[in-house]
Structures are given as structure tokens and as C-alpha cells.
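**Student:** My questions will all concern the structure given below.
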Amino acid sequence: MTTYLVRRLFQALVVLMLVSVVVFSFRWLLPGPALRRAYGSGRPVVFQYLAWVGHALHGNLGFSYVQGASVGSLLAASLPRTLALTLTATVLAIMVAIPVGLAQALIKGSVADAALRGVSYLGYAMPSFFLGSILILVFAVRLHWFGAEGPQAPGIVGVFTDWRDLTLPVLTLAIFTGAVFARYTRAAAIESLASDYVRTARGAGAGHRRVLVRHVLRNSLIPVITLAGLSLPQIFGGALIVESLFNIQGIGWRLWQAALKHDFPVMLGFILVIGVGAVVGSLLADIGYVIADPRVRFTRQ
Amino acid sequence: MWRAQRDTTPISPRPSAGQVRRRVTLCCAGLLTLAVAAAGCGGHTKSSVGNTPVNGGLATYALPANVTPNYIFPFSPGVDFTIVNLDNLQMLLYRPLYWFGDNGLPYLNEKLSLAAPPQYNGQVVTIRIKPNLKWSNGEPITARDVVFWMNMMKALAAKGDWGGYIQGDLPDDVTNIHAISQSAMQMTIIGKYSPQWFTSNQLSQITPMPKYWDRTGPSSPSDCTDRVSDCAAVFAYLNKLGADTGTWVTSPVWKVVDGPWQLTGYSQGVLTYTFNNKYSLPLPSKDHITKFREVPFTTEQAEYNQLQAGTGSNAIDVGYLPTVDAPVALPGKSVGQNPVPNYNLQPVYTWGLSYMPINFNVHDPQLAIFSQQYIRQALQLLVNQAAIIQGPLHGYGEPSTGLVGDTPPTAYLSKQARRGGLFSFSPPEARKLLADHGWNVHRGSVTTCGSPSIGPGHCGKGINRGAALNFTMMYATGNAWVESAILQLQSNASLVGMNITLSSGTFNDIVGKAIGDCGPHQNQPCNWQLADWGEGWSYVPDYLPTGDELFGTHSIGNIGQYTNKHNDGLIKATIQASNRNAFLQTMYKWQDWLAPQVPVLLQPTAPAALFESVDNLKIGTQSPTLALTPEDWYFVR
């Protein structure tokens, strides 16, 4: 396993380097010599690249004249909000979806299963702007239970502690994600329950709970881990529609605005960070995959 | 200044509250029944508000969606010369020499100006700063502060470092700028100009700058006030500081203000202002708010949600209603039933002209067609302004009747324009105009020229037999009403066989394409004949609608490149008129001559914003110049 992880880590580093090279090369497409000259156009490209990487590693991703702020400060303002929103929503979705999916597999074909399937279809099919609008109308405008906009406090602590404002955007995102996760968990659990190893475990006298936790749940997690891994770029890239609807100036919204306003320093800086986040995220997902599924380990070896 | 409505693109169509409730019932009955039932029991109760003014308090103001100030130095380069920088930031802190906006009209407000009305003596203009005016650091506001700004203009305007620069205008049209005393300065005008025009369109742009700003670093004083050659370095320092939002609150430079507010907080796009106790111009009342906060929003929907739902410190005191959510205003009423309880609805219209430019560029393949006055008149006859106002604008809007802004109606508007537009919506008249000029009009198909010649009854010069009325129109997405209006125009045009192909883009893209010259030398195809970015031109900070910026040959705002020598002569006569009466008469003559020429297509003036202010905050009538004056606002109990 260690060999596999080291190899995977090395691959991730190579990908990270490629991402940085691609983003760096975008700089040469920028309009205006001032932007291109930022890292010394008189020097060889390799040195310019190294200088740029050095600046990036120190948090210097350039300056946005459209926003009147450094890209690093914009990132620092946006990232906590996006992470708070997307990470909380993903964790919440997983926490709800796995037990629900598992339970549905156990009561497959029942009225309750059909009802839960209907609800998950609804959550899956409902566009997030529509769902968010309903939640705002009911719980913010009418009942005043929660805020109509996301947390506006600076910093990750301020964002996470503002549960009143964090609730509705997280719910909006989590309902969709949870519905997807629940459907995959249900399907995987049904497959596991009918598999030979579960029958064998039961035949060997394993208790119902042990079978469920050790064999069914563990195997049902694999597609969820895959899905969570695939959604990691989104976690770093933000959720544009939910961010826009809930007045969250997160990564997704800022990137979209940068594209509309031709704010190239922000676009490149944010793309680099999203790329790095996606690579790191997929590495973590791979590690989780290996832990959950021993077959992967053996196959790789 | 180019103007876009405050509306921004909704990411998705937002259903009305009623539609949302119906969909809730249909789609999610099981899921949300309990919550909806509970919601039905909720709602606002009418608060009771007294009439006793309160001194102090914090008012929260919603910035236009998707926009935040990004430049604080009131000598903005072109890219930062925007309404949001001017009105939502700079003018709160730094007052212009002459303030325009008086009782809802865009006239000179002597009371709120830093200087007495200028005195003209031949070519020499004398400006006298009012006595006892002070900067917040205790230093007096002097004539040298005006000279400082003028010198910076002399040094940098032509290089594009000041967004308001127009070749031939300030500072090119003045010389011999100097202070004659602590409170008075003089300059000599080059050329002949009407005093009205010079005050309203030239001196109106000046913002005195404090001596403290005359430096090239935190501890490096300079002397731009006396030496123009020093100004470039001073500008470089202030420009860098002004563009970096991180310095706005911390730098001592921006703490020196002469306006009623000081910026005391900037975080996550939220600007917090504290009342400047050393503000020395008169206030309407001793009771006013002492803190003011501007908060940003990603979209209009987000702002509207917060407006309805906000409570406590998150509540918006002054926000705006998206047009799509606006209650329909019945004819004769300025507003409909306000959907936000405990708030007052006030439409605010910008002092400007709302129009669609026509492309007269010599490389426009349809130039021959658009050179025909009757074609332009026919197009104007197909713009149904009343339907646009009653339809997508929900009753909020004013028809544009002439080539001088008519919202609000001012003394600058001729009698003819006051009576209404020359070309009210009439497809039959448009059809007749075309048919009378030799076109074979095909409803629903494409009208073609059947009589290609010059003179009465013929299509006109340069138009060949079979030439078709095919036009391309580009428009900015993001304003729901604009898209509806454009589709309506396309439909109306098809009634007379005009085929309008639409292309869309963002506001920046469309304005960029329209302003960017086209043709083989410019490396940009001339493939548009009409454009619409939602509004048109705002007469701020050059308040007289004399046409020298919009319709003169080579005018900066004449993006369609309309050109006519007689028109140029009339504009010149206007801005050179010797007194107010002569000025108005020549201006009427100019606009009455130009209106039937149809150099642009007029469209309704949409509200810049439908302001919503909470019941217990009195904000008065908002200025058509869009300048915010929160120092006039006060809470009541």
C-alpha cells in the first residue's frame, strides 16, 4: 500500500506541475504587455516560470485592477465561504445519504422505499436555483428562521459559526448531492446484499449488524467515495448558482465574474488554485478508495 | 458617461413570489406542506413609525447587483470612471467644486457647491471658494486645491489618465491657471463658450484636492500645485494607492476628506462610512444618520431576498426592487402596490438619454440604406415605447420624446419635444414611408428595393434594385426588459418586411464592440447596424445635454458616427451662445432640427432603480444625477 501511495503522490506532483505549466502558458495569451512582463519577459521562459511559481507559493498570484485587490486577498476572502458551503454540504449529504441508501436497500420494494426514492428523485431533479428560492421564500422571508443570504463574516471561523446564514445554502446544495449519493448507496447496497460474500458471511454465522457494517456498508461506500472524489473540483471550484442565489462571493461566483469582466489575473490565479485543489482532492479520494476496497490494493500491487 | 441600468443578469429566470408559491403547491406538496402552512401564518406586520427625527444611527444600503467600487481617487482613469465609483464612493468623500442636483432636477446647486457661481469676464473665469470650508484634517479648502486638480489635468488628461477627458475640452480649452488669493483662482478660456455650458460641462468636472495629497510617497511631499511637471509622479503614487482597496481605510491619504463621510471600514466588499464632523457645507437638518454602510450583492435576486428577509443587523434599510418583481404601476400612478411591507417604493430615473445607436460607419455594408432619413424614421415608428413601458418595464418608465433627455423634464427641452415624440409607434406609417420610396413591402418576408434611383419615390443613393432590409442588431443581455424590447422591435419590424437578426453579448462586449471603430483598418468587422446595451448616455458629470458629446462629428459619445455639418454648426452655436436666453433658443433650434433626422432610435427611459427604503428612514427624493446623499437621511421614531 505504501508503494502505491508514494507512486500516487508522485503522479499528483507531476500533474500539479503540468497544471502550473498550463496556467503559466495562459499568461502568454493575455492582452497587454504589462501583464505578460510581470515576471520578466527578458529572461528565459524557464526562469520566468520558476519566478512565477515562487511568487505563487508565497501567495502572490498577481493584482486585479478590476477588483482593486491582490488575487491572494480575493482568494482569501472567497475560499473560506466556498469551503464552508461545499464541504459542509458534502459532509451533510454523505451523513444522511449513506444510512438512507442502506435502509432503502434493506426495505427494497416497500412503500417506504418507494417514498424515499420519490423524494430522492425530487431532490435530484429539482434545479438548485428553484429549490433555493423555495427555501428562501419559506424559511427566510416568511418564517425568518434562517437568513436569506450566506454568511458575510470574514474568515473561516466567522463563516462556520454563522449557522443561521449557512443553513439554507448548505441545505440547497446538500439536498441535491445527498439525493445522488443515496441513490448510488442504495444500488450498491442491494448488489452487496445479493453477493456471495454476504451469503457466505451469513452462512458462517455472522450477525446481521456485523454483515451490514463490515460487508455491505464497506462495499457500498466505494461508489460514494468515487462520487465524492469526482465532486472535489466542485468543492474547490464553488457552486456558482447557489453562491449567486445566496449572495456568497465565493470562488465560483468570483471566477464567473472575472470571466465576464476579462479579469485575467483573477481567472488564472483561481484556476491554478482550483486545479491544485482538484489534484489534492482526487489524491485523497484515491487514498480513501484504497482503504475502503482491499481489492484495489491487491490489483495495484 | 456610458450608462447601463443597475439591473444585472439573473442567472435564471426568477419566478414571482406568487408563482413560487403555486409551484410549491404543485411540486413539493408532501415535502413542504408543513413549512408552507407555517409560512402562510407568518409574514410582516405593519410597524408603527412616528415622525420625530433621530440624530445618529446606521443605515445599510444595497449596492447595485454585481458591482462594487474599485477606485477611490477622484481623478479616475477611463476604466475606473464609473457611476459606482463616482456616486457610491468618491462623491461621498470628496465633493466636486460645483454640485449638480437640486430638488430632483439636474441644475447647479449653489448651496452644496464648494465655490460661488463662477464669474466670467471676457475669456477670464474667476472661481471663488466659499469662506470657512475645511478639509477633515483642519486645513482650509483653498483656490490652490482647485489649481492642484487642474494642474494634474494639464499633466495627465491627454494621456488617458483621466476618464472624463475629451480632446479639445478641459484642460485643453483653458490656460493661465493660477490662484489669485487664498480663496480665488482664475483661468483663461481658449475659444468662445457659453457660460452655461462652461460651468455645467467643464467646471462641473473639477474636484478640489487637498494639499496633503501633493506627494509622491508617504513622506515625500511634492509640488504639483505649482509645477505641472511634478504632477505625473504624484498621480502615479495616488493612482496606485487609489486602485488598491487594501489601502482605502489604512492610508492617511484617503482620510483627508471634504465630503460628509469618511471611509472607516472596508471588508469583503462592504464599505462602512462614518459622518465627517468637520463637514462644512450646509445640511438640511441637524438630525441625520452618522453611519452608513454599503453592502454588495451577487445578483438582484439575492438582494431582493435579503430585502424581504433581513432582520437585525442584516436588514437592508435602502435597497431596490428588481423590475421583474415590480408591481405593475397603473396608468397615472408612479408605483404599484409595494410587495415589500414596511418599505417605501421610489423609482429613480437617471438624467440621461435612452437610445439605440445606428451604425453610420463608412464600412457598414448597409450604410446606403441607413443614410436614408426615411428608413431611420420608419424604424423609429416601429419602436413601441408605450408597450415596452407597460410590458417588460411593468409601468415604470418614461417615453423618450427628443434628443435631449426628458426625464426629468428640464428647461433644456424644446416645446416640440415636450409635446411628445415625432414618431409614435405606427407600423402602417412605417409601411407607407417605405412604399412611398419605392420599396416592395412584404409583410413577414423581406422588403426589397423596387425603384433604385435618387429623388422622390425612389429608394435613394447607393441602393440597388433588390437590396433587402436585412439588419443585424446586437444587444446586451442581462436586462430582462431590454431583451423583451428587442424581440418586440424585431417582431414589429417584420410587419413591414424588415429582417432584424439579433446577436447578444455582455454589456462590456456590446459597448466595447459599439465603441470600437470597425472597418478594414481597425481589423474589426462592421457587422452591426443597430445596438442596444439597455440605456444610453448619462449626463453626469457634464450636465448640459447640448449634443456636443453625443451627436457632433467625432464626438466621444457619437458611437454610430453620425455626421452632418448643419448639425455640427447648430451644436457649436449652442455651446457658444453668449447668454442663457440665447443658449436655450439655439439649443431648441438644434434639437428640433435634429429630431426628424433620427440619428439614433429612441427607447423608453427605464428607472435606474426602484428604491425601497424602510419606513422609519426618511431619504427624500433621490437626485437624477444618482449622487447619493445619505447625510440627508434620518431615522424617525
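In the C-alpha cells, chains take the letters A, B, ... in the order shown, each chain's residues start at 1, and ligands count up from 1 in the order shown.
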Using backbone DSSP assignments, extract all strand (DSSP E) residues from segment 351-586 of chain B; output them as a count of residues only.
**Tutor:** 30
**Student:** Residues within 6 Å of segment 52-67 of chain A, please, as a PyMOL selection string. Count only C-alpha atoms; anything in the same chain fewer than 4 positions from it doesn't count.
**Tutor:** (chain A and resi 71-72+265+269) or (chain B and resi 70)
**Student:** Could you write out that same residue set with C-alpha atoms as an mmCIF file, in the first residue's frame?
**Tutor:**
```cif
data_model
loop_
_atom_site.group_PDB
_atom_site.id
_atom_site.type_symbol
_atom_site.label_atom_id
_atom_site.label_comp_id
_atom_site.auth_asym_id
_atom_site.auth_seq_id
_atom_site.Cartn_x
_atom_site.Cartn_y
_atom_site.Cartn_z
ATOM 1 C CA VAL A 71 -5.628 37.940 -6.227
ATOM 2 C CA GLY A 72 -4.358 36.404 -2.997
ATOM 3 C CA PRO A 265 -5.156 37.760 -13.149
ATOM 4 C CA GLY A 269 -4.932 32.621 -10.074
ATOM 5 C CA ASN B 70 -12.871 49.737 -7.032
#
```
**Student:** Out of A:Val266, A:Ile94, A:Ile287, A:Val141, which residue has the shortest atom-to-atom distance to chain B when counting only C-alpha atoms?
**Tutor:**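 Closest candidate: A:Val141.
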**Student:** Name the residues in contact with Lys513 of chain B at a cut-off of 12 Å, using only C-alpha atoms, excluding same-chain residues fewer than 5 positions from it; report them as a ChimeraX atom specification.
**Tutor:** /B:359,473-476,503-508,518-519,522-533,559-560
**Student:** Residues as selected, C-alpha atoms, written as a short mmCIF file (atom, residue, chain, number, x, y, z; two decimals), in the first residue's frame, can you do that?
**Tutor:**
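Final file, selection07.cif:
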```cif
data_model
loop_
_atom_site.label_atom_id
_atom_site.label_comp_id
_atom_site.auth_asym_id
_atom_site.auth_seq_id
_atom_site.Cartn_x
_atom_site.Cartn_y
_atom_site.Cartn_z
CA ASN B 359 -24.14 52.46 -37.30
CA MET B 473 -28.75 44.25 -34.09
CA MET B 474 -26.51 43.48 -31.14
CA TYR B 475 -27.78 43.85 -27.64
CA ALA B 476 -26.57 43.37 -24.11
CA SER B 503 -26.81 38.93 -31.65
CA SER B 504 -26.23 39.22 -27.95
CA GLY B 505 -23.34 39.66 -25.54
CA THR B 506 -22.48 41.06 -22.16
CA PHE B 507 -22.75 44.78 -21.54
CA ASN B 508 -18.98 45.16 -21.77
CA CYS B 518 -14.80 48.98 -37.27
CA GLY B 519 -13.57 48.54 -40.79
CA GLN B 522 -9.42 48.64 -37.45
CA ASN B 523 -9.36 44.90 -38.07
CA GLN B 524 -12.91 44.58 -36.79
CA PRO B 525 -15.86 43.67 -38.99
CA CYS B 526 -18.60 46.25 -39.33
CA ASN B 527 -21.32 43.70 -38.99
CA TRP B 528 -23.84 45.54 -36.90
CA GLN B 529 -26.38 48.14 -37.88
CA LEU B 530 -28.18 48.70 -34.57
CA ALA B 531 -27.12 48.22 -30.96
CA ASP B 532 -28.72 48.36 -27.56
CA TRP B 533 -26.98 47.99 -24.22
CA ILE B 559 -20.50 55.83 -31.48
CA GLY B 560 -22.72 55.42 -34.52
#
```
**Student:** Any chance you could list, as a ChimeraX atom specification, the residues in segment 6-250 of chain B that come up alpha helix (DSSP H) when DSSP is run on the backbone?
**Tutor:** /B:17-27,29-41,83-85,91-93,143-156,195-197,231-243
**Student:** In Å, how far is it from atom CA of Arg202 of chain A to atom CA of Ala105 of chain A?
**Tutor:**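 Going from atom CA of Arg202 of chain A over to atom CA of Ala105 of chain A covers 16.9 Å.
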**Student:** Report as a tab-separated table the residues of chain A within 8 Å of chain B, each with its shortest atom pair and distance in Å (one decimal), using only C-alpha atoms, ordered by chain and increasing residue number.
**Tutor:**
```
residue	atom	partner	partner_atom	distance
A:Tyr65	CA	B:Ala243	CA	6.7
A:Val66	CA	B:Asn70	CA	6.9
A:Gln67	CA	B:Asn70	CA	5.6
A:Gly68	CA	B:Asp244	CA	4.7
A:Ala69	CA	B:Asp244	CA	5.4
A:Ser70	CA	B:Asp244	CA	8.0
A:Ala77	CA	B:Gln268	CA	6.5
A:Val119	CA	B:Leu31	CA	7.9
A:Phe129	CA	B:Ser12	CA	7.3
A:Ser133	CA	B:Val20	CA	7.9
A:Ile134	CA	B:Val20	CA	6.8
A:Ile136	CA	B:Asn305	CA	7.1
A:Leu137	CA	B:Ala17	CA	7.6
A:Val138	CA	B:Ala39	CA	5.7
A:Phe139	CA	B:Ala39	CA	7.6
A:Ala140	CA	B:Ala309	CA	5.4
A:Val141	CA	B:Ala309	CA	4.2
A:Arg142	CA	B:Ala39	CA	5.1
A:Leu143	CA	B:Gly42	CA	5.7
A:His144	CA	B:Ala309	CA	6.5
A:Gly147	CA	B:Gly310	CA	6.9
A:Ala148	CA	B:Gln306	CA	5.4
A:Glu149	CA	B:Gln306	CA	6.4
A:Gln152	CA	B:Gln268	CA	7.6
A:Pro154	CA	B:Gln268	CA	6.8
A:Ile241	CA	B:Ile11	CA	7.2
A:Glu243	CA	B:Thr298	CA	8.0
A:Ser244	CA	B:Thr298	CA	5.3
A:Leu245	CA	B:Ala302	CA	5.3
A:Phe246	CA	B:Ala302	CA	5.7
A:Asn247	CA	B:Thr298	CA	5.0
A:Ile248	CA	B:Thr298	CA	7.1
A:Gln249	CA	B:Thr298	CA	6.8
A:Trp253	CA	B:Thr298	CA	7.8
A:Leu260	CA	B:Thr506	CA	7.4
A:Lys261	CA	B:Asn508	CA	7.4
```
**Student:** Extract, using only C-alpha atoms, all DNA, RNA and protein residues at most 10 Å from Thr188 of chain B, discarding same-chain residues fewer than 2 positions from it, and format them as a ChimeraX atom specification.
**Tutor:** /B:120-126,173-178,186,190-191
**Student:** Just want the 9 Å neighbourhood of segment 129-131 of chain B, counted on only C-alpha atoms, with same-chain residues fewer than 4 positions away dropped. Output as an mmCIF file with N, CA and C atoms, in the first residue's frame.
**Tutor:**
```cif
data_model
loop_
_atom_site.group_PDB
_atom_site.id
_atom_site.type_symbol
_atom_site.label_atom_id
_atom_site.label_comp_id
_atom_site.auth_asym_id
_atom_site.auth_seq_id
_atom_site.Cartn_x
_atom_site.Cartn_y
_atom_site.Cartn_z
ATOM 1 N N LEU B 97 -16.335 70.661 -7.108
ATOM 2 C CA LEU B 97 -16.345 72.120 -6.950
ATOM 3 C C LEU B 97 -17.768 72.657 -7.084
ATOM 4 N N SER B 113 -22.423 73.608 -3.404
ATOM 5 C CA SER B 113 -21.170 73.749 -4.140
ATOM 6 C C SER B 113 -20.098 74.325 -3.228
ATOM 7 N N LEU B 114 -18.849 73.978 -3.516
ATOM 8 C CA LEU B 114 -17.749 74.490 -2.702
ATOM 9 C C LEU B 114 -17.420 75.930 -3.062
ATOM 10 N N ALA B 115 -17.801 76.328 -4.273
ATOM 11 C CA ALA B 115 -17.475 77.680 -4.731
ATOM 12 C C ALA B 115 -18.746 78.426 -5.109
ATOM 13 N N ALA B 116 -18.638 79.746 -5.048
ATOM 14 C CA ALA B 116 -19.737 80.582 -5.537
ATOM 15 C C ALA B 116 -19.808 80.420 -7.054
ATOM 16 N N PRO B 140 -7.828 74.623 5.547
ATOM 17 C CA PRO B 140 -8.917 75.235 4.774
ATOM 18 C C PRO B 140 -8.918 74.737 3.327
ATOM 19 N N ILE B 141 -10.083 74.715 2.737
ATOM 20 C CA ILE B 141 -10.184 74.425 1.300
ATOM 21 C C ILE B 141 -9.880 75.731 0.579
ATOM 22 N N THR B 142 -8.886 75.689 -0.286
ATOM 23 C CA THR B 142 -8.444 76.939 -0.910
ATOM 24 C C THR B 142 -8.485 76.841 -2.431
ATOM 25 N N ALA B 143 -8.243 77.973 -3.033
ATOM 26 C CA ALA B 143 -8.200 78.019 -4.507
ATOM 27 C C ALA B 143 -7.054 77.164 -5.031
ATOM 28 N N GLN B 182 -5.963 83.315 -1.549
ATOM 29 C CA GLN B 182 -6.237 82.067 -0.846
ATOM 30 C C GLN B 182 -7.553 81.449 -1.328
ATOM 31 N N SER B 183 -8.534 82.296 -1.640
ATOM 32 C CA SER B 183 -9.869 81.765 -1.949
ATOM 33 C C SER B 183 -10.257 81.896 -3.416
ATOM 34 N N ALA B 184 -9.457 82.546 -4.213
ATOM 35 C CA ALA B 184 -9.876 82.766 -5.613
ATOM 36 C C ALA B 184 -8.808 82.298 -6.589
ATOM 37 N N MET B 185 -9.267 81.785 -7.704
ATOM 38 C CA MET B 185 -8.347 81.391 -8.763
ATOM 39 C C MET B 185 -8.941 81.803 -10.109
#
```
**Student:** Counting only C-alpha atoms, figure out which residue out of B:Gly168, B:Pro604, B:Pro284, B:Gly319 gets nearest to Ser555 of chain B.
**Tutor:**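 Closest candidate: B:Gly168.
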**Student:** Write out as a ChimeraX atom specification the residues lying within 8 Å of segment 426-438 of chain B, counting only C-alpha atoms and excluding same-chain residues fewer than 2 positions away.
**Tutor:** /B:374-375,377-379,381-382,423-424,440-441,449-452,456-460,492,495-496
**Student:** Atom CA of Ala76 of chain A and atom CA of Gly217 of chain B are how many Å apart?
**Tutor:**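 Atom-to-atom, atom CA of Ala76 of chain A to atom CA of Gly217 of chain B, that is 27.9 Å.
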**Student:** Between atom CA of Trp135 of chain B and atom CA of Ser251 of chain B, what is the spacing in Å?
**Tutor:**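 Computing the Euclidean distance for atom CA of Ser251 of chain B and atom CA of Trp135 of chain B yields 16.1 Å.
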**Student:** Quick one: of A:Ser120, A:Thr200, A:Thr82, A:Ser282, who's nearest to Phe236 of chain A, counting only C-alpha atoms?
**Tutor:** A:Thr82
